[in-house]
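Shown next: data37.cif, given as mmCIF, C-alpha atoms.
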data_target
loop_
_atom_site.group_PDB
_atom_site.id
_atom_site.type_symbol
_atom_site.label_atom_id
_atom_site.label_comp_id
_atom_site.auth_asym_id
_atom_site.auth_seq_id
_atom_site.Cartn_x
_atom_site.Cartn_y
_atom_site.Cartn_z
ATOM 1 C CA MET A 1 114.408 121.260 116.627
ATOM 2 C CA SER A 2 115.810 123.676 114.028
ATOM 3 C CA ARG A 3 113.624 126.062 112.049
ATOM 4 C CA LEU A 4 114.495 124.197 108.854
ATOM 5 C CA ALA A 5 113.403 120.906 110.364
ATOM 6 C CA MET A 6 110.121 122.473 111.423
ATOM 7 C CA LEU A 7 109.537 123.773 107.891
ATOM 8 C CA VAL A 8 110.084 120.293 106.476
ATOM 9 C CA ILE A 9 108.015 118.409 109.041
ATOM 10 C CA ALA A 10 105.074 120.780 109.502
ATOM 11 C CA PRO A 11 103.434 120.240 106.065
ATOM 12 C CA ALA A 12 103.653 116.472 106.465
ATOM 13 C CA PHE A 13 102.223 116.545 109.974
ATOM 14 C CA CYS A 14 99.391 118.894 109.060
ATOM 15 C CA TYR A 15 98.472 116.824 106.023
ATOM 16 C CA LEU A 16 98.563 113.674 108.139
ATOM 17 C CA MET A 17 96.003 115.197 110.480
ATOM 18 C CA ILE A 18 93.809 116.362 107.600
ATOM 19 C CA ALA A 19 93.950 112.991 105.883
ATOM 20 C CA LEU A 20 92.604 111.071 108.823
ATOM 21 C CA PRO A 21 88.924 110.285 109.121
ATOM 22 C CA VAL A 22 87.273 112.664 111.557
ATOM 23 C CA GLU A 23 88.228 112.252 115.194
ATOM 24 C CA PRO A 24 90.624 109.266 115.715
ATOM 25 C CA SER A 25 93.758 111.292 116.357
ATOM 26 C CA MET A 26 91.699 113.845 118.253
ATOM 27 C CA VAL A 27 90.183 111.080 120.358
ATOM 28 C CA ALA A 28 93.573 110.028 121.668
ATOM 29 C CA LYS A 29 94.683 113.598 122.377
ATOM 30 C CA ALA A 30 91.415 114.725 123.916
ATOM 31 C CA SER A 31 91.041 111.541 125.923
ATOM 32 C CA SER A 32 94.474 112.075 127.416
ATOM 33 C CA ALA A 33 93.637 115.652 128.366
ATOM 34 C CA ALA A 34 90.266 114.609 129.689
ATOM 35 C CA ARG A 35 91.833 111.940 131.871
ATOM 36 C CA GLN A 36 93.992 114.660 133.416
ATOM 37 C CA GLU A 37 90.849 116.652 134.181
ATOM 38 C CA SER A 38 89.115 113.522 135.441
ATOM 39 C CA LYS A 39 91.452 113.560 138.436
ATOM 40 C CA ILE A 40 89.338 116.490 139.565
ATOM 41 C CA ALA A 41 85.945 115.136 138.487
ATOM 42 C CA PRO A 42 86.234 111.365 137.900
ATOM 43 C CA VAL A 43 83.690 109.622 135.718
ATOM 44 C CA ASN A 44 81.290 107.330 137.567
ATOM 45 C CA ILE A 45 81.948 104.257 135.426
ATOM 46 C CA ASN A 46 79.111 102.139 136.811
ATOM 47 C CA GLU A 47 76.661 104.972 136.242
ATOM 48 C CA LYS A 48 77.807 105.390 132.640
ATOM 49 C CA ILE A 49 77.673 101.636 132.000
ATOM 50 C CA SER A 50 74.053 101.652 133.141
ATOM 51 C CA ALA A 51 73.343 104.595 130.824
ATOM 52 C CA LEU A 52 74.501 102.539 127.827
ATOM 53 C CA SER A 53 71.136 100.741 128.047
ATOM 54 C CA SER A 54 69.099 103.950 127.967
ATOM 55 C CA PRO A 55 66.252 104.132 125.388
ATOM 56 C CA ASP A 56 67.525 107.612 124.504
ATOM 57 C CA PRO A 57 70.279 107.398 121.818
ATOM 58 C CA SER A 58 71.837 110.697 122.922
ATOM 59 C CA VAL A 59 72.187 109.351 126.474
ATOM 60 C CA ARG A 60 73.757 106.124 125.188
ATOM 61 C CA ALA A 61 76.204 108.064 123.037
ATOM 62 C CA SER A 62 77.049 110.471 125.851
ATOM 63 C CA ALA A 63 77.735 107.589 128.235
ATOM 64 C CA ALA A 64 80.066 105.977 125.680
ATOM 65 C CA CYS A 65 81.873 109.281 125.242
ATOM 66 C CA TYR A 66 82.413 109.605 128.991
ATOM 67 C CA LEU A 67 83.686 106.008 129.133
ATOM 68 C CA ALA A 68 86.197 106.811 126.390
ATOM 69 C CA GLU A 69 87.775 109.279 128.808
ATOM 70 C CA SER A 70 88.298 106.500 131.349
ATOM 71 C CA GLY A 71 90.495 104.355 129.116
ATOM 72 C CA ALA A 72 91.228 100.849 130.390
ATOM 73 C CA LYS A 73 89.204 101.525 133.544
ATOM 74 C CA ALA A 74 86.090 101.193 131.387
ATOM 75 C CA GLU A 75 86.884 97.540 130.566
ATOM 76 C CA PRO A 76 83.702 96.267 132.318
ATOM 77 C CA ALA A 77 81.702 98.189 129.679
ATOM 78 C CA ILE A 78 83.133 96.203 126.747
ATOM 79 C CA PRO A 79 80.186 93.803 126.217
ATOM 80 C CA LEU A 80 77.627 96.609 126.106
ATOM 81 C CA LEU A 81 79.861 98.783 123.915
ATOM 82 C CA ILE A 82 80.330 95.910 121.474
ATOM 83 C CA GLY A 83 76.559 95.527 121.352
ATOM 84 C CA MET A 84 76.211 99.223 120.436
ATOM 85 C CA LEU A 85 78.512 99.175 117.393
ATOM 86 C CA GLY A 86 75.632 98.794 114.936
ATOM 87 C CA ASP A 87 73.563 101.628 116.442
ATOM 88 C CA ASP A 88 73.603 104.220 113.662
ATOM 89 C CA THR A 89 71.068 106.691 115.090
ATOM 90 C CA PRO A 90 72.359 110.024 113.692
ATOM 91 C CA LEU A 91 73.278 112.683 116.240
ATOM 92 C CA ASP A 92 74.518 116.187 115.510
ATOM 93 C CA SER A 93 76.589 116.266 118.688
ATOM 94 C CA VAL A 94 77.135 114.376 121.916
ATOM 95 C CA GLU A 95 77.320 115.864 125.377
ATOM 96 C CA CYS A 96 80.493 114.770 127.087
ATOM 97 C CA GLY A 97 80.730 117.063 130.089
ATOM 98 C CA ASP A 98 81.327 120.796 130.336
ATOM 99 C CA ARG A 99 84.663 120.442 128.594
ATOM 100 C CA HIS A 100 83.509 119.525 125.102
ATOM 101 C CA SER A 101 80.995 117.811 122.865
ATOM 102 C CA TRP A 102 82.152 115.194 120.380
ATOM 103 C CA ARG A 103 81.145 115.493 116.768
ATOM 104 C CA GLY A 104 81.886 113.153 113.905
ATOM 105 C CA GLY A 105 83.392 109.686 113.879
ATOM 106 C CA SER A 106 84.273 106.971 111.412
ATOM 107 C CA GLY A 107 81.416 107.907 109.092
ATOM 108 C CA ASP A 108 79.689 111.201 108.260
ATOM 109 C CA GLY A 109 81.985 113.957 109.482
ATOM 110 C CA ASN A 110 79.007 116.201 110.344
ATOM 111 C CA LYS A 111 77.241 113.695 112.571
ATOM 112 C CA THR A 112 78.016 110.941 115.010
ATOM 113 C CA SER A 113 76.029 108.005 116.417
ATOM 114 C CA PRO A 114 75.947 105.787 119.504
ATOM 115 C CA GLY A 115 77.795 103.151 117.489
ATOM 116 C CA GLU A 116 80.639 105.495 116.639
ATOM 117 C CA GLU A 117 80.878 106.733 120.214
ATOM 118 C CA ALA A 118 81.033 103.098 121.346
ATOM 119 C CA ALA A 119 83.866 102.504 118.879
ATOM 120 C CA LYS A 120 85.765 105.464 120.329
ATOM 121 C CA ALA A 121 85.348 104.074 123.822
ATOM 122 C CA LEU A 122 86.585 100.631 122.741
ATOM 123 C CA MET A 123 89.523 102.275 120.997
ATOM 124 C CA SER A 124 90.352 104.103 124.220
ATOM 125 C CA ILE A 125 90.056 100.951 126.333
ATOM 126 C CA GLY A 126 92.700 99.413 124.070
ATOM 127 C CA LYS A 127 94.121 95.927 124.370
ATOM 128 C CA PRO A 128 91.327 94.423 126.502
ATOM 129 C CA ALA A 129 88.889 95.292 123.701
ATOM 130 C CA VAL A 130 90.891 93.657 120.882
ATOM 131 C CA GLU A 131 89.487 90.128 121.008
ATOM 132 C CA PRO A 132 85.856 91.260 121.441
ATOM 133 C CA LEU A 133 86.279 93.613 118.461
ATOM 134 C CA ILE A 134 87.822 90.870 116.333
ATOM 135 C CA GLY A 135 84.891 88.681 117.318
ATOM 136 C CA VAL A 136 82.375 90.946 115.537
ATOM 137 C CA MET A 137 84.397 91.510 112.371
ATOM 138 C CA LYS A 138 82.231 88.904 110.603
ATOM 139 C CA SER A 139 78.944 90.546 111.582
ATOM 140 C CA SER A 140 76.249 90.726 108.894
ATOM 141 C CA ASN A 141 75.902 94.448 109.680
ATOM 142 C CA TRP A 142 78.424 96.517 107.715
ATOM 143 C CA ARG A 143 78.280 99.298 110.314
ATOM 144 C CA VAL A 144 79.407 96.894 113.021
ATOM 145 C CA ARG A 145 82.264 95.680 110.827
ATOM 146 C CA ARG A 146 83.287 99.239 109.950
ATOM 147 C CA ASN A 147 83.160 100.579 113.488
ATOM 148 C CA ALA A 148 85.035 97.537 114.805
ATOM 149 C CA THR A 149 87.718 97.938 112.139
ATOM 150 C CA TRP A 150 87.977 101.652 112.892
ATOM 151 C CA ALA A 151 88.402 100.997 116.615
ATOM 152 C CA LEU A 152 91.151 98.444 115.982
ATOM 153 C CA GLY A 153 93.197 100.806 113.785
ATOM 154 C CA PRO A 154 94.900 102.953 116.468
ATOM 155 C CA ILE A 155 95.297 100.126 119.014
ATOM 156 C CA ASN A 156 98.964 99.130 119.194
ATOM 157 C CA ASP A 157 98.597 95.361 119.260
ATOM 158 C CA SER A 158 99.907 92.821 116.741
ATOM 159 C CA ARG A 159 96.654 90.860 116.995
ATOM 160 C CA THR A 160 94.865 93.651 115.140
ATOM 161 C CA VAL A 161 96.856 93.446 111.901
ATOM 162 C CA GLU A 162 95.520 90.293 110.230
ATOM 163 C CA PRO A 163 91.859 91.061 110.987
ATOM 164 C CA ILE A 164 92.199 94.519 109.419
ATOM 165 C CA ILE A 165 93.982 93.021 106.393
ATOM 166 C CA SER A 166 91.016 90.663 106.057
ATOM 167 C CA SER A 167 88.679 93.666 106.109
ATOM 168 C CA LEU A 168 90.343 94.922 102.924
ATOM 169 C CA GLY A 169 88.425 92.125 101.226
ATOM 170 C CA ASP A 170 85.083 93.069 102.786
ATOM 171 C CA GLY A 171 82.061 93.196 100.504
ATOM 172 C CA ASP A 172 81.280 96.788 101.493
ATOM 173 C CA TRP A 173 83.622 99.542 100.290
ATOM 174 C CA ARG A 174 83.022 101.563 103.446
ATOM 175 C CA VAL A 175 84.609 98.799 105.489
ATOM 176 C CA ARG A 176 87.480 98.439 103.015
ATOM 177 C CA GLU A 177 88.131 102.187 103.151
ATOM 178 C CA ILE A 178 88.487 102.236 106.928
ATOM 179 C CA ALA A 179 90.603 99.061 106.783
ATOM 180 C CA ALA A 180 93.083 100.775 104.455
ATOM 181 C CA TRP A 181 93.203 103.741 106.823
ATOM 182 C CA GLY A 182 93.742 101.461 109.830
ATOM 183 C CA LEU A 183 96.617 99.616 108.173
ATOM 184 C CA GLY A 184 98.372 102.934 107.666
ATOM 185 C CA LEU A 185 98.661 103.184 111.451
ATOM 186 C CA LYS A 186 100.365 99.809 111.768
ATOM 187 C CA SER A 187 104.135 99.531 111.831
ATOM 188 C CA ASP A 188 104.151 96.039 110.367
ATOM 189 C CA PRO A 189 105.636 94.774 107.060
ATOM 190 C CA ARG A 190 102.575 92.555 106.512
ATOM 191 C CA VAL A 191 100.438 95.568 105.572
ATOM 192 C CA VAL A 192 102.410 96.731 102.504
ATOM 193 C CA ASP A 193 101.353 94.152 99.893
ATOM 194 C CA PRO A 194 97.645 94.318 100.797
ATOM 195 C CA LEU A 195 97.754 98.127 100.576
ATOM 196 C CA VAL A 196 99.544 97.998 97.212
ATOM 197 C CA ASN A 197 96.788 95.708 95.955
ATOM 198 C CA ALA A 198 94.205 98.157 97.309
ATOM 199 C CA LEU A 199 95.604 100.821 94.953
ATOM 200 C CA LYS A 200 93.863 98.818 92.192
ATOM 201 C CA GLU A 201 90.510 98.905 94.000
ATOM 202 C CA SER A 202 87.387 99.784 92.037
ATOM 203 C CA ASN A 203 86.364 102.328 94.666
ATOM 204 C CA SER A 204 88.344 105.577 94.593
ATOM 205 C CA GLN A 205 87.961 106.278 98.318
ATOM 206 C CA VAL A 206 89.590 102.959 99.141
ATOM 207 C CA ARG A 207 92.423 103.742 96.700
ATOM 208 C CA GLU A 208 92.832 107.165 98.294
ATOM 209 C CA LYS A 209 93.182 105.743 101.809
ATOM 210 C CA ALA A 210 95.543 103.032 100.546
ATOM 211 C CA ALA A 211 97.848 105.655 98.993
ATOM 212 C CA TRP A 212 97.774 107.677 102.219
ATOM 213 C CA ALA A 213 98.511 104.563 104.290
ATOM 214 C CA LEU A 214 101.453 103.567 102.108
ATOM 215 C CA GLY A 215 102.998 106.973 102.713
ATOM 216 C CA LEU A 216 103.285 106.079 106.397
ATOM 217 C CA GLN A 217 105.071 102.803 105.677
ATOM 218 C CA GLY A 218 108.861 102.982 105.426
ATOM 219 C CA ASN A 219 108.966 100.114 102.935
ATOM 220 C CA ARG A 220 110.074 101.266 99.457
ATOM 221 C CA ASP A 221 108.318 98.448 97.601
ATOM 222 C CA SER A 222 105.348 100.779 97.213
ATOM 223 C CA VAL A 223 107.222 103.493 95.271
ATOM 224 C CA GLU A 224 106.434 102.180 91.786
ATOM 225 C CA PRO A 225 102.777 101.447 92.591
ATOM 226 C CA LEU A 226 102.453 104.965 94.011
ATOM 227 C CA ASN A 227 104.140 106.373 90.906
ATOM 228 C CA ASN A 228 101.449 104.610 88.880
ATOM 229 C CA ALA A 229 98.765 106.061 91.159
ATOM 230 C CA LEU A 230 99.799 109.546 90.010
ATOM 231 C CA SER A 231 97.874 108.665 86.837
ATOM 232 C CA ASP A 232 94.709 107.610 88.691
ATOM 233 C CA GLY A 233 91.457 108.928 87.284
ATOM 234 C CA GLU A 234 90.521 110.550 90.607
ATOM 235 C CA ALA A 235 92.341 113.699 91.731
ATOM 236 C CA GLN A 236 92.157 112.826 95.433
ATOM 237 C CA VAL A 237 93.978 109.559 94.792
ATOM 238 C CA ARG A 238 96.674 111.365 92.803
ATOM 239 C CA GLU A 239 97.023 113.935 95.575
ATOM 240 C CA LYS A 240 97.502 111.288 98.277
ATOM 241 C CA ALA A 241 99.969 109.420 96.069
ATOM 242 C CA ALA A 242 102.066 112.581 95.602
ATOM 243 C CA TRP A 243 102.027 113.208 99.341
ATOM 244 C CA ALA A 244 103.011 109.610 100.057
ATOM 245 C CA LEU A 245 105.902 109.754 97.588
ATOM 246 C CA GLY A 246 107.202 112.858 99.315
ATOM 247 C CA LEU A 247 107.790 110.756 102.416
ATOM 248 C CA LYS A 248 109.763 108.134 100.486
ATOM 249 C CA GLY A 249 113.504 108.739 100.179
ATOM 250 C CA ASP A 250 113.603 107.252 96.713
ATOM 251 C CA ALA A 251 114.770 108.955 93.522
ATOM 252 C CA ARG A 252 112.458 106.823 91.357
ATOM 253 C CA SER A 253 109.597 109.146 92.215
ATOM 254 C CA VAL A 254 111.279 112.362 91.024
ATOM 255 C CA ASP A 255 110.307 112.190 87.340
ATOM 256 C CA PRO A 256 106.710 111.098 88.034
ATOM 257 C CA LEU A 257 106.349 113.938 90.542
ATOM 258 C CA ILE A 258 107.735 116.418 88.009
ATOM 259 C CA GLY A 259 105.016 115.205 85.670
ATOM 260 C CA ALA A 260 102.454 115.769 88.436
ATOM 261 C CA LEU A 261 103.432 119.460 88.524
ATOM 262 C CA ARG A 262 101.391 119.689 85.303
ATOM 263 C CA ASP A 263 98.350 117.880 86.702
ATOM 264 C CA SER A 264 94.961 119.427 85.977
ATOM 265 C CA ASP A 265 94.129 119.564 89.699
ATOM 266 C CA PRO A 266 95.835 122.301 91.762
ATOM 267 C CA GLN A 267 95.930 120.212 94.945
ATOM 268 C CA VAL A 268 97.845 117.496 93.118
ATOM 269 C CA ARG A 269 100.292 120.078 91.778
ATOM 270 C CA GLU A 270 100.691 121.541 95.267
ATOM 271 C CA LYS A 271 101.491 118.166 96.840
ATOM 272 C CA ALA A 272 103.864 117.321 93.999
ATOM 273 C CA ALA A 273 105.802 120.549 94.600
ATOM 274 C CA TRP A 274 105.929 119.840 98.335
ATOM 275 C CA ALA A 275 107.110 116.284 97.713
ATOM 276 C CA LEU A 276 109.840 117.414 95.329
ATOM 277 C CA GLY A 277 111.124 119.788 97.975
ATOM 278 C CA LEU A 278 111.965 116.772 100.124
ATOM 279 C CA LYS A 279 114.005 115.127 97.365
ATOM 280 C CA GLY A 280 117.747 115.742 97.293
ATOM 281 C CA ASN A 281 117.717 115.374 93.518
ATOM 282 C CA ARG A 282 118.084 118.734 91.711
ATOM 283 C CA THR A 283 116.456 117.556 88.480
ATOM 284 C CA SER A 284 113.276 119.230 89.653
ATOM 285 C CA VAL A 285 114.737 122.725 90.051
ATOM 286 C CA GLU A 286 113.696 124.066 86.644
ATOM 287 C CA PRO A 287 110.217 122.469 86.725
ATOM 288 C CA LEU A 288 109.705 123.999 90.178
ATOM 289 C CA MET A 289 110.849 127.367 88.831
ATOM 290 C CA ALA A 290 108.121 127.069 86.189
ATOM 291 C CA SER A 291 105.619 126.304 88.954
ATOM 292 C CA LEU A 292 106.374 129.695 90.501
ATOM 293 C CA LYS A 293 104.121 131.010 87.724
ATOM 294 C CA ASP A 294 101.312 128.525 88.346
ATOM 295 C CA GLN A 295 97.848 130.118 88.371
ATOM 296 C CA ASN A 296 97.162 128.675 91.833
ATOM 297 C CA PRO A 297 98.796 130.566 94.756
ATOM 298 C CA GLN A 298 99.148 127.450 96.932
ATOM 299 C CA VAL A 299 101.134 125.750 94.162
ATOM 300 C CA ARG A 300 103.378 128.805 93.801
ATOM 301 C CA GLU A 301 103.879 128.877 97.567
ATOM 302 C CA LYS A 302 104.939 125.215 97.753
ATOM 303 C CA ALA A 303 107.195 125.605 94.727
ATOM 304 C CA ALA A 304 108.998 128.507 96.423
ATOM 305 C CA TRP A 305 109.291 126.482 99.627
ATOM 306 C CA ALA A 306 110.694 123.510 97.706
ATOM 307 C CA LEU A 307 113.233 125.638 95.841
ATOM 308 C CA GLY A 308 114.410 127.088 99.136
ATOM 309 C CA LEU A 309 115.415 123.588 100.212
ATOM 310 C CA LYS A 310 117.306 122.919 96.987
ATOM 311 C CA GLY A 311 119.974 125.567 97.506
ATOM 312 C CA ASP A 312 120.466 125.827 93.736
ATOM 313 C CA HIS A 313 121.664 129.164 92.321
ATOM 314 C CA ARG A 314 119.564 128.684 89.166
ATOM 315 C CA ALA A 315 116.438 129.466 91.176
ATOM 316 C CA LEU A 316 117.694 132.733 92.651
ATOM 317 C CA ASP A 317 116.306 135.136 90.050
ATOM 318 C CA SER A 318 112.979 133.308 89.902
ATOM 319 C CA LEU A 319 112.662 133.462 93.675
ATOM 320 C CA LYS A 320 113.517 137.167 93.659
ATOM 321 C CA ASP A 321 110.695 137.683 91.143
ATOM 322 C CA ALA A 322 108.397 135.638 93.378
ATOM 323 C CA MET A 323 108.989 138.183 96.129
ATOM 324 C CA LYS A 324 106.690 140.438 94.090
ATOM 325 C CA ASP A 325 103.938 137.848 93.908
ATOM 326 C CA GLU A 326 100.619 139.390 94.876
#
This structure in C-alpha cells:
Amino acid sequence: MSRLAMLVIAPAFCYLMIALPVEPSMVAKASSAARQESKIAPVNINEKISALSSPDPSVRASAACYLAESGAKAEPAIPLLIGMLGDDTPLDSVECGDRHSWRGGSGDGNKTSPGEEAAKALMSIGKPAVEPLIGVMKSSNWRVRRNATWALGPINDSRTVEPIISSLGDGDWRVREIAAWGLGLKSDPRVVDPLVNALKESNSQVREKAAWALGLQGNRDSVEPLNNALSDGEAQVREKAAWALGLKGDARSVDPLIGALRDSDPQVREKAAWALGLKGNRTSVEPLMASLKDQNPQVREKAAWALGLKGDHRALDSLKDAMKDE
C-alpha cells in the first residue's frame, strides 16, 4: 500500500475503532490471538461451563470470558450463556487468564458484567448462537434485549439482520442505540432505510450511531439525510454525519461539509475538513485554506492534510505559512 493510501485510510480506520462501543472489535482480535495461545494452554470447556453457575458473579464472568476464547467449541455453553444475558452485576474487571483482563462491554465503558461477558462469548461462538439469541430478543428485560442485539451485530449471518432492524423500534433507547450500531456492521441493503429513519430519532445517541452506521453502507441514498444531520442539535451527531459523508463518493455533500467547517464544535469542524479532503471537488479549497487559521489545532491539521490531497496551487502560500504554525 502506498504512503498516500495509508494517509487517506488511517483516519477513517482509527475513527471507526473509536466510534465502536467498547470492546466488540477488540473481542474479535483478542479472541483470535487468545485462540492461538490456547494451543499451548487450552481452556477446559466443561470446567468453565460449570463455573457459569457459580454464586460468585466474578467467577461467572471470568468463565464466560474464557469461553469466548474457545469460539465455536463453546457451543455446549449456549443455554447457560443465554440465561446470563440479564445479569448486570457491575464488575470493574474480569480475570481471563494471565494474558489479559477484559474491561467494558456493550454498556458502561468503565465496567463490565456477567451478562456482557456472556454476550461476548455468544458473539464468539457465532452462527450456532444466532437462533438462541433471536429467541430472547422479546425478553421483558431490556438488558437481555440489548446484550442479545449487541452479540448479533458482528455475527456474519443473514438471519441476524431482520431481528436487529426490529430492535430499532424497541421501547428502550439503549436497545435502539446498539441496534443502530449493529446494523452498521451488516453488508445488507435492507439496513439503509431503517437507519435513515433512525436519524430522526428523539434520542441523540441513537441518531449518532445511525449516522455512524450509514457511513459504513455503500448506498448513496443516505447522502441527503446525512447532509441534513449536519444541522442536528447535538454536536456528536453532526460529527458522525460529517465522518460518514467523507466515506461517500458523492458531490452533493461538498457544500454542506463546507458549511460544517464553520460549526461551533471543533470536532465537527475537524471531521468536516477530513471529509472534504476525500472529495475530488476543488470547491472546498478556499474554505479549507481559511480553516488553516482555525483556533483549534486539530482542525488546522486536518485542513492542511485535506489541502495536500487537492493538489491545487491556490493553497501553496497558505500551506507554506502553516509550516510556521506553533
* Which of these, A:Gly126, A:Gly182, A:Gly169, A:Gly246, has the shortest distance to Gly153 (chain A) once you count only C-alpha atoms? ->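 Going through A:Gly126, A:Gly182, A:Gly169, A:Gly246 one by one, the smallest distance to Gly153 (chain A) is for A:Gly182.
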* Resolved residues for the PyMOL selection byres ((chain A and resi 214-221) around 7) as a list in words ->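 Those residues are Gly184, Val192, Leu195, Ala210, Ala211, Trp212, Ala213, Ser222, Val223, Ala244, Leu245, Leu247 and Lys248 of chain A.
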With C-alpha atoms kept, could you save the residues just selected as a short mmCIF file (atom, residue, chain, number, x, y, z; two decimals), keeping the file's coordinate frame?
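Wrote it out as part-v5.cif, contents follow:
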data_model
loop_
_atom_site.label_atom_id
_atom_site.label_comp_id
_atom_site.auth_asym_id
_atom_site.auth_seq_id
_atom_site.Cartn_x
_atom_site.Cartn_y
_atom_site.Cartn_z
CA GLY A 184 98.37 102.93 107.67
CA VAL A 192 102.41 96.73 102.50
CA LEU A 195 97.75 98.13 100.58
CA ALA A 210 95.54 103.03 100.55
CA ALA A 211 97.85 105.66 98.99
CA TRP A 212 97.77 107.68 102.22
CA ALA A 213 98.51 104.56 104.29
CA SER A 222 105.35 100.78 97.21
CA VAL A 223 107.22 103.49 95.27
CA ALA A 244 103.01 109.61 100.06
CA LEU A 245 105.90 109.75 97.59
CA LEU A 247 107.79 110.76 102.42
CA LYS A 248 109.76 108.13 100.49
#
Go through region 51-72 of chain A and flag each residue having an atom no more than 12 Å from region 86-89 of chain A; for those, report the closest pair of atoms plus their distance in Å to one decimal, using all atoms listed in the file, ordered by chain and rising number, as a Markdown table.
| residue | atom | partner | partner_atom | distance |
| --- | --- | --- | --- | --- |
| A:Leu52 | CA | A:Asp87 | CA | 11.5 |
| A:Ser53 | CA | A:Asp87 | CA | 11.9 |
| A:Pro55 | CA | A:Thr89 | CA | 11.7 |
| A:Asp56 | CA | A:Thr89 | CA | 10.1 |
| A:Pro57 | CA | A:Thr89 | CA | 6.8 |
| A:Ser58 | CA | A:Thr89 | CA | 8.8 |
| A:Val59 | CA | A:Thr89 | CA | 11.7 |
| A:Arg60 | CA | A:Asp87 | CA | 9.8 |
| A:Ala61 | CA | A:Thr89 | CA | 9.6 |
* **Between CA of Gly115 (chain A) and CA of Met84 (chain A), distance in Å (one decimal)** => 5.2 Å
* To do: Quick one: everything within 9 Å of Trp274 (chain A), counting only C-alpha atoms, minus sequence neighbours fewer than 6 positions away in the same chain. Send it as a list in words.
  =>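 Listed by chain and then number, they are Pro11, Ala242, Trp243, Gly246, Val299, Lys302, Ala303, Trp305 and Ala306 of chain A.
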* Which residue, A:Lys200, A:Arg252, A:Arg300, A:Arg174, has the smallest gap to Asp232 (chain A) when you use all atoms listed in the file? ->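 Checking each candidate against Asp232 (chain A), we get A:Lys200 as the closest.
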* Asked: Between CA of Ala304 (chain A) and CA of Asp321 (chain A), what is the spacing in Å?
  ->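 So the two atoms, CA of Asp321 (chain A) and CA of Ala304 (chain A), lie 10.7 Å apart.
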Selection: 9 Å around Glu234 (chain A), all atoms listed in the file, excl. self and same-chain fewer than 3 positions, as a compact mmCIF listing (two decimals) with C-alpha atoms, in the coordinates of the input:
# COMPACT_ATOMS: atom_id res chain seq x y z
CA SER A 204 88.34 105.58 94.59
CA GLU A 208 92.83 107.16 98.29
CA SER A 231 97.87 108.66 86.84
CA VAL A 237 93.98 109.56 94.79
CA ARG A 238 96.67 111.36 92.80
CA GLU A 239 97.02 113.94 95.58
* Any idea what's packed within 12 Å of Asp312 (chain A), counting all atoms listed in the file, ignoring anything in its chain fewer than 3 positions away? Could you give it as a count of residues only? -> 19
* Mind pulling up the distance from CA of Ile165 (chain A) to CA of Arg143 (chain A)? -> 17.4 Å
* Selection dump of the PyMOL selection byres ((chain A and resi 255) around 12), as a PyMOL selection string -> chain A and resi 224+227-228+230+242+245+250-254+256-262+272-273+275-276+279+281-285+287
* Reference answer for the PyMOL selection byres ((chain A and resi 179) around 7), as a list in words ->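 Taken over the shown coordinates, the PyMOL selection byres ((chain A and resi 179) around 7) returns Thr149, Ile164, Ile165, Ser167, Leu168, Val175, Arg176, Glu177, Ile178, Ala180, Trp181, Gly182 and Leu183 of chain A.
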* Closest to Trp142 (chain A) among A:Glu75, A:Glu270, A:Asp294, A:Asp172, using all atoms listed in the file? ->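 Residue with the minimum atom-to-atom distance to Trp142 (chain A): A:Asp172.
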